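Chemist: I am attaching a structure below and will ask some questions about it afterwards.
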There are 2 protein chains.
Amino acid sequence: MINQATSDRLVYAAMRLFSEKGYGSTSVADILREAGANSGSLYHAFPTKQDLLLEVLRRYRDGIWPMLLKPAWQGVADPIERIFALLASYRAMLTDNGCVYGCPIGSLALELHEPDPAVRELLSVNFRGWVAAIEVCLEAAREELPRDADIRRLAQFVLTVMEGGVMQSRTHRTPEAFDSGVAVLRDHFERLREAARGERT
Amino acid sequence: MINQATSDRLVYAAMRLFSEKGYGSTSVADILREAGANSGSLYHAFPTKQDLLLEVLRRYRDGIWPMLLKPAWQGVADPIERIFALLASYRAMLTDNGCVYGCPIGSLALELHEPDPAVRELLSVNFRGWVAAIEVCLEAAREELPRDADIRRLAQFVLTVMEGGVMQSRTHRTPEAFDSGVAVLRDHFERLREAARGERT
């Protein structure tokens, strides 16, 4: 048997290390050291490193509200501004570590070229959850968007801009590419709002 | 001594394998088998796997015109359409392999969390070369864009949209996210052109 506290310590250690070093470069010994746990408790709860990865991805999936959206949206009521507040939280993560680490899901998605179907499905579910959160914002702002705006497509586009910007900023080790992407996205939303005002007057 | 043909075979084998399996998952033995070369010739030309990676990244950098832009732009004269033709060539790469492999530079950029500075610099140079090619298109289309359009920022945005779309399409194993991104980008360019026409009449 392994208690919940030990299991949590292992999962959060893996979460941290996969995000900072990558999945392939993280060894089971690294995880045990980081968690201060012994191999018996690890193998009992998570027989393989992939079992830990699956649990990490489930925690990200289930934690999107408390870990990501709630802190980003604190005090931000306007639905479009919530989108930019979420992007700002990714910028803060980037600059907190000198643009070395970015989105943990995006990194895993490109590191694992042919992941096991269960892993790929959980990566996909994480992306879908993120896009769904943006869709909620866009639905709330529907009156500010052109009548024929494709809400789902726009929501997916926000994730595209986030991930593409994080990738370049990590590579160049400066937030400039991320900021540029956000600025063009903001310009696009301004143009959509202007078009919507034109339709409604 | 190792002749140029053998050296090329090794580099192209590494290029293919890094792109398909990732850098970490490709062993020196894999490269030798793929290239049909012996370890003596490999170690003479490329003492470490990272030396091969550096050479692969130099080939991508130097090959952007013959390998990527020239085939994508064949028969496409309009500068804005050239941007979409380049994006279409990435879509074709994606769908050719069931959305398993995407942009080799983007994959390496996120797989290698803390790359050696020489590697990171060459990844960065590859991104900058790509963005510079888009800038050339946008400069040629300057008359069709608003006077205050930030050409460099827009060029970087095109790379952001490509990489963010490839990442999601690989994860979902369908080109839909990539297509969505391209559709929103096209809508953005339409709006810019319309604004430019408004300024000039």
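Residue numbers start at 1 in each chain; chains themselves are named A, B, ... in the order of the structure tokens; ligands are numbered from 1 in the order shown.
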Would you mind listing, as a list in words, all residues of chain A that have at least one atom within 6 Å of chain B, where only C-alpha atoms are what counts?
Modeler: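 Taken together, these residues fit the definition: Lys21, Ser107, Leu110, Glu111, His113, Ser124, Arg153, Phe157, Thr160, Val161, Glu163, Gly164, Gly165, Thr171, His172, Ser180 and Gly181 of chain A.
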Chemist: Give the alpha helix (DSSP H) residues of stretch 5-199 of chain B, as DSSP finds them on the backbone, and put them as a PyMOL selection string.
Modeler: chain B and resi 5-21+28-35+39-45+49-62+70-73+79-96+104-111+117-140+151-172+176-199
Chemist: I'd like to know which of A:Asn3, A:Gly129, A:Arg197, A:Cys137 is closest to A:Ile64, using only C-alpha atoms.
Modeler: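 Of A:Asn3, A:Gly129, A:Arg197, A:Cys137, the one nearest A:Ile64 is A:Gly129, counting only C-alpha atoms.
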Chemist: When you look at B:Ser89 with a cut-off of 12 Å (counting only C-alpha atoms), what residues show up, excluding the ones that are within fewer than 6 positions of it in the same chain? I need them as a ChimeraX atom specification.
Modeler: /B:67-74,82-83,95-96,102-103,162,166,178
Chemist: Only C-alpha atoms, please: the residues just picked out, written as an mmCIF file, in the first residue's frame.
Modeler:
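Writing done, so here's out.cif:
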data_model
loop_
_atom_site.group_PDB
_atom_site.id
_atom_site.type_symbol
_atom_site.label_atom_id
_atom_site.label_comp_id
_atom_site.auth_asym_id
_atom_site.auth_seq_id
_atom_site.Cartn_x
_atom_site.Cartn_y
_atom_site.Cartn_z
ATOM 1 C CA MET B 67 14.169 22.330 -49.999
ATOM 2 C CA LEU B 68 11.223 24.418 -48.846
ATOM 3 C CA LEU B 69 10.497 27.745 -50.535
ATOM 4 C CA LYS B 70 11.290 26.959 -54.165
ATOM 5 C CA PRO B 71 8.994 23.918 -54.407
ATOM 6 C CA ALA B 72 6.248 25.661 -52.399
ATOM 7 C CA TRP B 73 6.321 28.819 -54.516
ATOM 8 C CA GLN B 74 6.557 27.183 -57.946
ATOM 9 C CA ARG B 82 3.045 32.558 -51.443
ATOM 10 C CA ILE B 83 2.570 32.656 -47.685
ATOM 11 C CA THR B 95 -1.251 14.611 -44.135
ATOM 12 C CA ASP B 96 1.377 12.570 -46.018
ATOM 13 C CA GLY B 102 5.329 17.943 -38.439
ATOM 14 C CA CYS B 103 7.934 20.683 -38.566
ATOM 15 C CA MET B 162 2.113 27.334 -38.522
ATOM 16 C CA VAL B 166 1.128 21.664 -36.525
ATOM 17 C CA PHE B 178 -3.956 23.415 -38.719
#
Chemist: Nearest to B:Arg193 among B:Gly75, B:Pro146, B:Pro175, B:Gly98, with distances taken over only C-alpha atoms: which residue is it?
Modeler: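 Selected residue with least distance to B:Arg193: B:Pro146.
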